[in-house]
Structures are given as structure tokens and as C-alpha cells.
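So this block is final_31.cif, mmCIF, C-alpha atoms:
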```
data_query
#
loop_
_atom_site.group_PDB
_atom_site.id
_atom_site.type_symbol
_atom_site.label_atom_id
_atom_site.label_comp_id
_atom_site.auth_asym_id
_atom_site.auth_seq_id
_atom_site.Cartn_x
_atom_site.Cartn_y
_atom_site.Cartn_z
ATOM 1 C CA PRO K 1 21.479 13.321 12.183
ATOM 2 C CA ASP K 2 21.716 13.197 8.408
ATOM 3 C CA ILE K 3 21.652 9.676 7.046
ATOM 4 C CA ILE K 4 23.731 9.133 3.924
ATOM 5 C CA ILE K 5 22.127 6.449 1.798
ATOM 6 C CA GLU K 6 23.029 4.868 -1.473
ATOM 7 C CA ILE K 7 20.444 3.824 -4.055
ATOM 8 C CA ASP K 8 21.476 2.408 -7.416
ATOM 9 C CA GLY K 9 25.017 3.569 -6.774
ATOM 10 C CA LEU K 10 24.078 7.195 -6.091
ATOM 11 C CA LEU K 11 24.880 8.842 -2.766
ATOM 12 C CA SER K 12 22.464 11.244 -1.155
ATOM 13 C CA ASN K 13 22.942 13.366 1.971
ATOM 14 C CA LYS K 14 19.291 14.340 2.306
ATOM 15 C CA ILE K 15 17.705 13.691 5.690
ATOM 16 C CA SER K 16 15.890 10.469 4.888
ATOM 17 C CA THR K 17 14.342 8.156 7.449
ATOM 18 C CA ILE K 18 12.061 6.391 4.958
ATOM 19 C CA ILE K 19 12.641 4.424 1.781
ATOM 20 C CA LYS K 20 9.823 3.459 -0.589
ATOM 21 C CA TYR K 21 9.401 0.009 -2.110
ATOM 22 C CA ASN K 22 6.919 -1.181 -4.755
ATOM 23 C CA LYS K 23 6.128 -4.671 -3.489
ATOM 24 C CA PRO K 24 4.972 -7.105 -6.172
ATOM 25 C CA ILE K 25 2.174 -9.619 -5.642
ATOM 26 C CA GLY K 26 3.538 -12.891 -4.278
ATOM 27 C CA ILE K 27 6.134 -11.388 -1.928
ATOM 28 C CA HIS K 28 5.582 -11.889 1.812
ATOM 29 C CA SER K 29 6.327 -8.800 3.925
ATOM 30 C CA THR K 30 8.688 -10.648 6.247
ATOM 31 C CA ILE K 31 12.463 -10.812 6.457
ATOM 32 C CA GLY K 32 12.936 -14.526 5.941
ATOM 33 C CA ASP K 33 10.249 -17.226 5.905
ATOM 34 C CA PRO K 34 10.251 -20.674 7.577
ATOM 35 C CA MET K 35 8.466 -22.130 4.531
ATOM 36 C CA ASN K 36 10.946 -20.550 2.085
ATOM 37 C CA ARG K 37 8.238 -18.509 0.403
ATOM 38 C CA PRO K 38 9.344 -15.348 -1.472
ATOM 39 C CA ASN K 39 9.997 -12.621 1.108
ATOM 40 C CA LEU K 40 11.888 -9.390 1.764
ATOM 41 C CA GLN K 41 15.205 -11.083 2.513
ATOM 42 C CA THR K 42 16.085 -11.075 -1.192
ATOM 43 C CA LEU K 43 15.493 -7.312 -1.287
ATOM 44 C CA TYR K 44 17.816 -6.833 1.692
ATOM 45 C CA ASN K 45 20.436 -9.027 0.044
ATOM 46 C CA ASN K 46 20.309 -6.918 -3.131
ATOM 47 C CA HIS K 47 20.292 -3.474 -1.434
ATOM 48 C CA SER K 48 22.835 -2.792 1.282
ATOM 49 C CA THR K 49 21.027 0.544 1.672
ATOM 50 C CA LEU K 50 18.339 -1.244 3.677
ATOM 51 C CA LYS K 51 20.735 -2.608 6.298
ATOM 52 C CA SER K 52 19.627 -0.086 8.936
ATOM 53 C CA PHE K 53 15.985 0.058 7.789
ATOM 54 C CA HIS K 54 12.976 -2.056 8.766
ATOM 55 C CA PRO K 55 9.540 -2.413 7.114
ATOM 56 C CA ILE K 56 6.688 -0.278 8.421
ATOM 57 C CA GLY K 57 3.919 -2.822 8.866
ATOM 58 C CA ARG K 58 3.047 -5.283 6.138
ATOM 59 C CA LEU K 59 1.179 -5.764 2.908
ATOM 60 C CA ASP K 60 -0.359 -9.211 2.533
ATOM 61 C CA CYS K 61 1.051 -11.529 -0.095
ATOM 62 C CA ASP K 62 -1.772 -10.862 -2.568
ATOM 63 C CA THR K 63 -1.527 -7.084 -2.286
ATOM 64 C CA CYS K 64 1.036 -5.035 -4.189
ATOM 65 C CA GLY K 65 2.245 -1.468 -3.999
ATOM 66 C CA LEU K 66 3.753 0.938 -1.510
ATOM 67 C CA LEU K 67 5.640 -0.599 1.393
ATOM 68 C CA LEU K 68 7.740 1.769 3.492
ATOM 69 C CA PHE K 69 11.031 1.094 5.262
ATOM 70 C CA SER K 70 12.148 3.232 8.185
ATOM 71 C CA SER K 71 15.378 3.784 10.087
ATOM 72 C CA SER K 72 13.471 5.278 13.046
ATOM 73 C CA GLY K 73 11.567 3.098 15.521
ATOM 74 C CA ASP K 74 9.689 6.103 16.888
ATOM 75 C CA LEU K 75 8.553 7.137 13.405
ATOM 76 C CA THR K 76 7.463 3.594 12.624
ATOM 77 C CA GLN K 77 5.319 3.368 15.758
ATOM 78 C CA TYR K 78 3.784 6.766 15.012
ATOM 79 C CA LEU K 79 2.870 5.824 11.436
ATOM 80 C CA LEU K 80 1.380 2.479 12.488
ATOM 81 C CA ASN K 81 -0.715 3.883 15.352
ATOM 82 C CA PRO K 82 -4.355 4.407 14.209
ATOM 83 C CA GLN K 83 -4.602 7.343 16.646
ATOM 84 C CA SER K 84 -2.073 9.216 14.480
ATOM 85 C CA ASN K 85 -4.760 9.372 11.749
ATOM 86 C CA ILE K 86 -2.319 8.691 8.924
ATOM 87 C CA GLU K 87 -4.286 7.759 5.811
ATOM 88 C CA ARG K 88 -3.398 4.827 3.605
ATOM 89 C CA GLU K 89 -4.896 4.935 0.114
ATOM 90 C CA TYR K 90 -5.585 1.821 -1.938
ATOM 91 C CA GLN K 91 -6.583 1.230 -5.532
ATOM 92 C CA ALA K 92 -8.748 -1.843 -6.029
ATOM 93 C CA ILE K 93 -10.447 -3.667 -8.869
ATOM 94 C CA VAL K 94 -13.711 -5.074 -7.543
ATOM 95 C CA LEU K 95 -16.476 -7.262 -8.882
ATOM 96 C CA GLY K 96 -19.615 -5.497 -10.057
ATOM 97 C CA GLU K 97 -20.604 -1.964 -11.011
ATOM 98 C CA VAL K 98 -20.247 0.480 -8.134
ATOM 99 C CA ASP K 99 -22.924 3.016 -7.272
ATOM 100 C CA PHE K 100 -20.584 5.680 -5.885
ATOM 101 C CA ASN K 101 -22.970 7.479 -3.512
ATOM 102 C CA GLN K 102 -24.509 4.270 -2.206
ATOM 103 C CA LEU K 103 -21.182 2.552 -1.573
ATOM 104 C CA LYS K 104 -19.617 5.700 -0.078
ATOM 105 C CA GLU K 105 -22.408 5.946 2.495
ATOM 106 C CA LYS K 106 -22.255 2.230 3.279
ATOM 107 C CA LEU K 107 -18.472 2.301 3.789
ATOM 108 C CA CYS K 108 -18.665 5.492 5.849
ATOM 109 C CA ASN K 109 -21.217 3.918 8.201
ATOM 110 C CA GLY K 110 -18.961 0.910 8.725
ATOM 111 C CA ILE K 111 -19.043 -2.697 7.583
ATOM 112 C CA GLN K 112 -19.066 -5.644 9.968
ATOM 113 C CA THR K 113 -16.375 -8.278 9.344
ATOM 114 C CA THR K 114 -15.118 -11.333 11.227
ATOM 115 C CA ILE K 115 -12.402 -9.158 12.807
ATOM 116 C CA GLY K 116 -14.622 -6.197 13.717
ATOM 117 C CA LYS K 117 -16.524 -3.281 12.196
ATOM 118 C CA PHE K 118 -14.532 -0.918 10.015
ATOM 119 C CA SER K 119 -15.103 2.152 7.851
ATOM 120 C CA LEU K 120 -13.464 3.160 4.595
ATOM 121 C CA ASN K 121 -13.555 6.432 2.693
ATOM 122 C CA LEU K 122 -14.497 5.933 -0.960
ATOM 123 C CA ILE K 123 -12.544 8.478 -2.997
ATOM 124 C CA HIS K 124 -13.260 7.478 -6.589
ATOM 125 C CA SER K 125 -14.965 4.785 -8.658
ATOM 126 C CA GLU K 126 -15.287 4.005 -12.352
ATOM 127 C CA LEU K 127 -16.013 1.022 -14.558
ATOM 128 C CA PHE K 128 -12.845 -0.960 -15.219
ATOM 129 C CA ASN K 129 -11.782 -2.073 -18.690
ATOM 130 C CA ILE K 130 -9.970 -5.416 -18.463
ATOM 131 C CA ASP K 131 -7.845 -4.376 -21.438
ATOM 132 C CA ASN K 132 -6.455 -1.406 -19.442
ATOM 133 C CA THR K 133 -2.688 -1.673 -19.905
ATOM 134 C CA LEU K 134 -1.882 0.895 -17.205
ATOM 135 C CA ILE K 135 -2.533 -1.691 -14.482
ATOM 136 C CA ASN K 136 -0.489 -4.873 -14.467
ATOM 137 C CA ILE K 137 -3.085 -7.616 -13.961
ATOM 138 C CA ASN K 138 -3.372 -11.309 -14.636
ATOM 139 C CA ASP K 139 -6.125 -11.869 -17.203
ATOM 140 C CA ASN K 140 -6.770 -15.296 -15.673
ATOM 141 C CA ASP K 141 -8.189 -13.555 -12.581
ATOM 142 C CA PHE K 142 -11.011 -12.045 -14.627
ATOM 143 C CA ASP K 143 -14.181 -13.402 -16.206
ATOM 144 C CA LYS K 144 -14.778 -11.215 -19.256
ATOM 145 C CA SER K 145 -18.503 -11.896 -19.034
ATOM 146 C CA LYS K 146 -18.661 -9.979 -15.735
ATOM 147 C CA THR K 147 -18.489 -6.294 -14.853
ATOM 148 C CA TYR K 148 -15.657 -4.814 -12.780
ATOM 149 C CA SER K 149 -15.037 -1.429 -11.187
ATOM 150 C CA LEU K 150 -11.886 0.455 -10.260
ATOM 151 C CA VAL K 151 -12.137 2.138 -6.857
ATOM 152 C CA ASN K 152 -9.873 4.203 -4.620
ATOM 153 C CA VAL K 153 -10.436 3.963 -0.871
ATOM 154 C CA SER K 154 -8.585 5.246 2.158
ATOM 155 C CA THR K 155 -8.340 4.258 5.815
ATOM 156 C CA CYS K 156 -6.267 5.152 8.868
ATOM 157 C CA GLU K 157 -6.135 1.531 10.018
ATOM 158 C CA GLY K 158 -4.040 -1.309 8.654
ATOM 159 C CA LYS K 159 -5.449 -4.533 10.053
ATOM 160 C CA TYR K 160 -4.754 -7.770 8.169
ATOM 161 C CA ARG K 161 -6.796 -7.979 4.935
ATOM 162 C CA MET K 162 -9.179 -5.345 6.318
ATOM 163 C CA VAL K 163 -9.753 -3.534 3.014
ATOM 164 C CA ARG K 164 -10.511 -6.813 1.248
ATOM 165 C CA ARG K 165 -12.904 -7.948 3.985
ATOM 166 C CA VAL K 166 -14.781 -4.634 4.084
ATOM 167 C CA LEU K 167 -15.252 -4.349 0.324
ATOM 168 C CA HIS K 168 -16.283 -7.995 0.046
ATOM 169 C CA ASN K 169 -18.881 -7.609 2.796
ATOM 170 C CA ALA K 170 -20.090 -4.407 1.134
ATOM 171 C CA GLY K 171 -20.937 -6.478 -1.956
ATOM 172 C CA HIS K 172 -17.831 -5.976 -4.085
ATOM 173 C CA SER K 173 -15.213 -8.730 -3.870
ATOM 174 C CA VAL K 174 -11.648 -7.554 -4.475
ATOM 175 C CA ILE K 175 -9.827 -9.010 -7.492
ATOM 176 C CA TYR K 176 -6.756 -6.760 -7.289
ATOM 177 C CA LEU K 177 -5.463 -4.479 -4.531
ATOM 178 C CA LYS K 178 -2.610 -1.985 -4.559
ATOM 179 C CA ARG K 179 -1.516 0.557 -1.949
ATOM 180 C CA ILE K 180 -0.638 3.839 -3.651
ATOM 181 C CA ARG K 181 -0.228 6.281 -0.759
ATOM 182 C CA TYR K 182 0.798 6.303 2.919
ATOM 183 C CA GLY K 183 0.144 9.699 4.461
ATOM 184 C CA GLN K 184 1.760 12.134 2.023
ATOM 185 C CA ILE K 185 4.175 9.545 0.624
ATOM 186 C CA TYR K 186 3.165 8.346 -2.845
ATOM 187 C CA LEU K 187 4.004 5.272 -4.896
ATOM 188 C CA SER K 188 3.852 7.404 -8.072
ATOM 189 C CA ASP K 189 5.646 5.715 -10.987
ATOM 190 C CA LEU K 190 8.035 3.562 -8.945
ATOM 191 C CA LYS K 191 8.456 0.290 -10.834
ATOM 192 C CA ASP K 192 7.719 -3.183 -9.469
ATOM 193 C CA ASN K 193 10.288 -4.529 -6.997
ATOM 194 C CA GLN K 194 12.249 -1.256 -6.977
ATOM 195 C CA ILE K 195 13.181 1.060 -4.108
ATOM 196 C CA GLU K 196 13.764 4.799 -3.980
ATOM 197 C CA GLU K 197 14.174 7.522 -1.403
ATOM 198 C CA CYS K 198 11.430 10.024 -0.686
ATOM 199 C CA ASN K 199 11.331 13.274 -2.636
ATOM 200 C CA GLN K 200 11.735 16.690 -1.003
ATOM 201 C CA ASN K 201 7.981 17.193 -0.445
ATOM 202 C CA GLU K 202 7.672 13.784 1.203
ATOM 203 C CA ILE K 203 10.711 14.414 3.411
ATOM 204 C CA HIS K 204 9.212 17.764 4.427
ATOM 205 C CA TRP K 205 5.984 15.973 5.420
ATOM 206 C CA ILE K 206 7.913 13.364 7.441
ATOM 207 C CA ASN K 207 9.863 16.094 9.261
ATOM 208 C CA SER K 208 6.593 17.911 10.075
ATOM 209 C CA LEU K 209 5.190 14.926 12.000
ATOM 210 C CA LYS K 210 5.037 15.213 15.805
ATOM 211 C CA PHE K 211 6.390 11.905 17.075
#
```
Now that the file is in, can you turn its structure into C-alpha cells?
Amino acid sequence: PDIIIEIDGLLSNKISTIIKYNKPIGIHSTIGDPMNRPNLQTLYNNHSTLKSFHPIGRLDCDTCGLLLFSSSGDLTQYLLNPQSNIEREYQAIVLGEVDFNQLKEKLCNGIQTTIGKFSLNLIHSELFNIDNTLININDNDFDKSKTYSLVNVSTCEGKYRMVRRVLHNAGHSVIYLKRIRYGQIYLSDLKDNQIEECNQNEIHWINSLKF
């Protein structure tokens, strides 16, 4: 059935089973927290839209970016199942200069971590300028005497801190990590701590899934 949702006071009658959220660093991907750490409960309190939605998986506290909320349990299980081969794409700032071909091969072959051996697909790499104002970073996290690279990687798995562990063990410790895509759903220019419904192309992709 069509789900009528309200975002920022606007009603929509599009078929929407997913809402996008740009999670800031420092927010735990839980609804409530026994230690009273910042979590998703505040988001739920501020957006009645989310009443019938639940988060699809988690992003760790130190990772920002695209977190999805779903109103369908079946869709959630499908998107979380590695056998569904749904790619998640991440943008990371890592320590050191990346040799693209060398790192791509290493990540493709798999990197051993304390939680298992995992592969990543390296999509892009370039030297990172700390003065880049397009990425919201904390200057205190960077030593200006060192070299950093900006990389995009993708994976169909979402184990806890897996991307960080793999890149670290591949020789490039992660300073900043942001999820920018889940399947064909994109973070795009959604601002920090804001939610929005999927666009028509994203809804079409969701409706094309066999779950």
C-alpha cells in the first residue's frame, strides 16, 4: 500500500518504504542508549515521520553519512543480507599516498583482520588536501606534516568496523569515513542530521528488488 509520509511539513503520497538520514559523527545508531550517549532517539523525537520506520543496520559512532530507515522488515532483511549483493560505497580519508593499482589488487585479494578475511573494491583514489572545504573534517585529526589520500571503496558486507579494519591492515589507517551510497540510494547533498525521502529513481530501484 501507499505510505503517506510527512517531511518538514510536506505530505507525499509516493510509495516510499525507505527514508534517508545523514548521520553525523558522534551519534550511535541505536534507539536509546543505557549510557545516555547521543543516539537516534532524538531524531525519532523530532520527526514523527519515523514512527513506523526502523534503521537498516548501523553506522559506528565514528562514521558519518547515509543511514537508511525502512518501514518493511522484509526489505530490511534483504538489504542487510550479504547474499543479496547490495553494494555500500564509502568515502574515506586515509593516511599515506595510495598507489591505486597496488591497493586495488591487495583489497580485491582480501585482507585478513581479527574478525575474518574481507575484500573491498577500490573505486577511486587521489591525494587529499587538508584545506578541502567540501568535506567537513576536524583539523585536529590531521598532522599537516603527513600525507593523506581520499579513497572510495565499496563492499557488499557490513560487519562492524570492517572497512576501517581492512584499510588499516592494508597499510592505510582511516582518519575519516563516510557512507555515500547503499545500493542505488545516494546520500547526495543531504545535510548533516537531516532526513529526506528517496527520489523517483531510488524508489524505482527499491521497487525492482526481488524480496
Could you make a table, as a Markdown table, of the residues of segment 90-209 of chain K that have an atom within 10 Å of an atom of segment 70-79 of chain K, each with its nearest atom pair and distance in Å to one decimal, counting all atoms listed in the file, in chain and number order?
```
| residue | atom | partner | partner_atom | distance |
| --- | --- | --- | --- | --- |
| K:Cys156 | CA | K:Leu79 | CA | 9.5 |
| K:Tyr182 | CA | K:Leu79 | CA | 8.8 |
| K:Gly183 | CA | K:Leu79 | CA | 8.4 |
| K:Ile206 | CA | K:Leu75 | CA | 8.6 |
| K:Asn207 | CA | K:Leu75 | CA | 10.0 |
| K:Leu209 | CA | K:Leu75 | CA | 8.6 |
```
What are the nearest atom pairs, with distances in Å to one decimal, for all residues of segment 79-144 of chain K that come at most 12 Å from segment 24-30 of chain K, using only C-alpha atoms, set out by chain and rising residue number as a tab-separated table?
```
residue	atom	partner	partner_atom	distance
K:Asn136	CA	K:Pro24	CA	10.2
K:Ile137	CA	K:Ile25	CA	10.0
K:Asn138	CA	K:Ile25	CA	10.7
```
>> For the provided coordinates, the residues matched by the PyMOL selection byres ((chain K and resi 101-115) around 10) should be stated as an NGL selection string.
In response: :K and (98-100 or 116-125 or 153 or 159-162 or 165-172)
>> Quick check, in Å to one decimal: how far apart do atom CA of Leu50 of chain K and atom CA of Ser154 of chain K lie?
In response: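 That distance, rounded to one decimal, is 27.7 Å.
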> In Å to one decimal, how far is atom CA of Phe211 of chain K from atom CA of Leu187 of chain K?
Replying inline: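 According to the coordinates, atom CA of Leu187 of chain K and atom CA of Phe211 of chain K are separated by 23.1 Å.
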> Hey, what comes out of the PyMOL selection byres ((chain K and resi 44) around 12) on this file? Could you write it as a list in words?
Replying inline: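 The output of the PyMOL selection byres ((chain K and resi 44) around 12) on this file is Tyr21, Ser29, Thr30, Ile31, Gly32, Asn39, Leu40, Gln41, Thr42, Leu43, Asn45, Asn46, His47, Ser48, Thr49, Leu50, Lys51, Ser52, Phe53, His54, Pro55, Phe69, Asn193, Gln194 and Ile195 of chain K.
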> Which is closest to Ile19 of chain K among K:Ile135, K:Asp143, K:Leu80, K:Leu68, if we use only C-alpha atoms?
Replying inline: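 Of K:Ile135, K:Asp143, K:Leu80, K:Leu68, the one nearest Ile19 of chain K, counting only C-alpha atoms, is K:Leu68.
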>> Report, in Å to a single decimal, how far apart atom CA of Thr147 of chain K and atom CA of Leu59 of chain K are.
In response: 26.5 Å
For the point (3.8, 8.7, -1.0) in the file's frame, write as a short mmCIF file (atom, residue, chain, number, x, y, z; two decimals) with C-alpha atoms, in the coordinates of the input all residues with an atom no more than 9 Å away, counting all atoms listed in the file.
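Result file is result14.cif:
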```
data_model
loop_
_atom_site.label_atom_id
_atom_site.label_comp_id
_atom_site.auth_asym_id
_atom_site.auth_seq_id
_atom_site.Cartn_x
_atom_site.Cartn_y
_atom_site.Cartn_z
CA LYS K 20 9.82 3.46 -0.59
CA LEU K 66 3.75 0.94 -1.51
CA ILE K 180 -0.64 3.84 -3.65
CA ARG K 181 -0.23 6.28 -0.76
CA TYR K 182 0.80 6.30 2.92
CA GLY K 183 0.14 9.70 4.46
CA GLN K 184 1.76 12.13 2.02
CA ILE K 185 4.18 9.54 0.62
CA TYR K 186 3.16 8.35 -2.84
CA LEU K 187 4.00 5.27 -4.90
CA SER K 188 3.85 7.40 -8.07
CA CYS K 198 11.43 10.02 -0.69
CA ASN K 199 11.33 13.27 -2.64
CA GLU K 202 7.67 13.78 1.20
#
```
>> For Asn129 of chain K, find every residue with an atom within 10 Å (counting all atoms listed in the file), except residues of its own chain fewer than 3 positions away, and show them as a PyMOL selection string.
In response: chain K and resi 126+132-133+144+147-150
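Closest approach to Lys191 of chain K from the set K:Gly158, K:Gly96, K:Pro38, K:Gly65 is made by K:Gly65, with distances taken over only C-alpha atoms.
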> Got a sec: who's within 7 Å of Gln91 of chain K, counting only C-alpha atoms, leaving out chain neighbours fewer than 6 positions off, as a list in words?
Replying inline: Val151, Asn152, Val153, Leu177, Lys178, Arg179 and Ile180 of chain K
> the PyMOL selection byres ((chain K and resi 175) around 6) on the file shown: which residues, as a PyMOL selection string?
Replying inline: chain K and resi 93-94+174+176
>> Which polymer residues, whether protein, DNA or RNA, lie within 7 Å of the coordinate (-5.8, 3.1, 13.4) when you count all atoms listed in the file? List them as an NGL selection string, using the chain letters and numbers from the file.
In response: :K and (81-83 or 85 or 156-158)
Would you mind putting N, CA and C atoms back on segment 119-143 of chain K and writing the result as a short mmCIF file (atom, residue, chain, number, x, y, z; two decimals), keeping the file's coordinate frame?
```cif
data_model
loop_
_atom_site.label_atom_id
_atom_site.label_comp_id
_atom_site.auth_asym_id
_atom_site.auth_seq_id
_atom_site.Cartn_x
_atom_site.Cartn_y
_atom_site.Cartn_z
N SER K 119 -14.65 1.19 8.86
CA SER K 119 -15.10 2.15 7.85
C SER K 119 -13.99 2.39 6.84
N LEU K 120 -14.39 2.72 5.64
CA LEU K 120 -13.46 3.16 4.60
C LEU K 120 -14.02 4.43 3.98
N ASN K 121 -13.13 5.25 3.44
CA ASN K 121 -13.56 6.43 2.69
C ASN K 121 -13.42 6.14 1.21
N LEU K 122 -14.52 6.15 0.49
CA LEU K 122 -14.50 5.93 -0.96
C LEU K 122 -14.15 7.25 -1.64
N ILE K 123 -13.04 7.27 -2.36
CA ILE K 123 -12.54 8.48 -3.00
C ILE K 123 -12.99 8.59 -4.45
N HIS K 124 -12.98 7.46 -5.15
CA HIS K 124 -13.26 7.48 -6.59
C HIS K 124 -13.74 6.10 -7.02
N SER K 125 -14.58 6.06 -8.05
CA SER K 125 -14.96 4.78 -8.66
C SER K 125 -15.27 5.01 -10.14
N GLU K 126 -14.97 3.99 -10.93
CA GLU K 126 -15.29 4.00 -12.35
C GLU K 126 -15.32 2.57 -12.86
N LEU K 127 -16.02 2.35 -13.95
CA LEU K 127 -16.01 1.02 -14.56
C LEU K 127 -14.60 0.70 -15.01
N PHE K 128 -14.20 -0.56 -14.86
CA PHE K 128 -12.84 -0.96 -15.22
C PHE K 128 -12.86 -1.76 -16.51
N ASN K 129 -11.96 -1.36 -17.43
CA ASN K 129 -11.78 -2.07 -18.69
C ASN K 129 -10.66 -3.08 -18.51
N ILE K 130 -10.97 -4.36 -18.67
CA ILE K 130 -9.97 -5.42 -18.46
C ILE K 130 -8.76 -5.24 -19.37
N ASP K 131 -8.94 -4.58 -20.50
CA ASP K 131 -7.84 -4.38 -21.44
C ASP K 131 -6.97 -3.17 -21.07
N ASN K 132 -7.24 -2.55 -19.91
CA ASN K 132 -6.46 -1.41 -19.44
C ASN K 132 -5.00 -1.84 -19.22
N THR K 133 -4.10 -1.26 -19.99
CA THR K 133 -2.69 -1.67 -19.90
C THR K 133 -1.91 -0.88 -18.85
N LEU K 134 -2.57 0.09 -18.21
CA LEU K 134 -1.88 0.90 -17.20
C LEU K 134 -1.77 0.15 -15.88
N ILE K 135 -2.57 -0.90 -15.71
CA ILE K 135 -2.53 -1.69 -14.48
C ILE K 135 -2.09 -3.10 -14.84
N ASN K 136 -1.06 -3.56 -14.18
CA ASN K 136 -0.49 -4.87 -14.47
C ASN K 136 -1.31 -5.95 -13.78
N ILE K 137 -2.20 -6.61 -14.53
CA ILE K 137 -3.08 -7.62 -13.96
C ILE K 137 -2.92 -8.94 -14.69
N ASN K 138 -3.37 -9.98 -14.03
CA ASN K 138 -3.37 -11.31 -14.64
C ASN K 138 -4.75 -11.56 -15.23
N ASP K 139 -4.83 -11.68 -16.53
CA ASP K 139 -6.12 -11.87 -17.20
C ASP K 139 -6.87 -13.09 -16.69
N ASN K 140 -6.13 -14.07 -16.16
CA ASN K 140 -6.77 -15.30 -15.67
C ASN K 140 -7.62 -15.05 -14.44
N ASP K 141 -7.40 -13.89 -13.77
CA ASP K 141 -8.19 -13.56 -12.58
C ASP K 141 -9.56 -12.97 -12.93
N PHE K 142 -9.80 -12.74 -14.22
CA PHE K 142 -11.01 -12.04 -14.63
C PHE K 142 -11.88 -12.89 -15.55
N ASP K 143 -13.18 -12.79 -15.33
CA ASP K 143 -14.18 -13.40 -16.21
C ASP K 143 -14.73 -12.28 -17.09
#
```
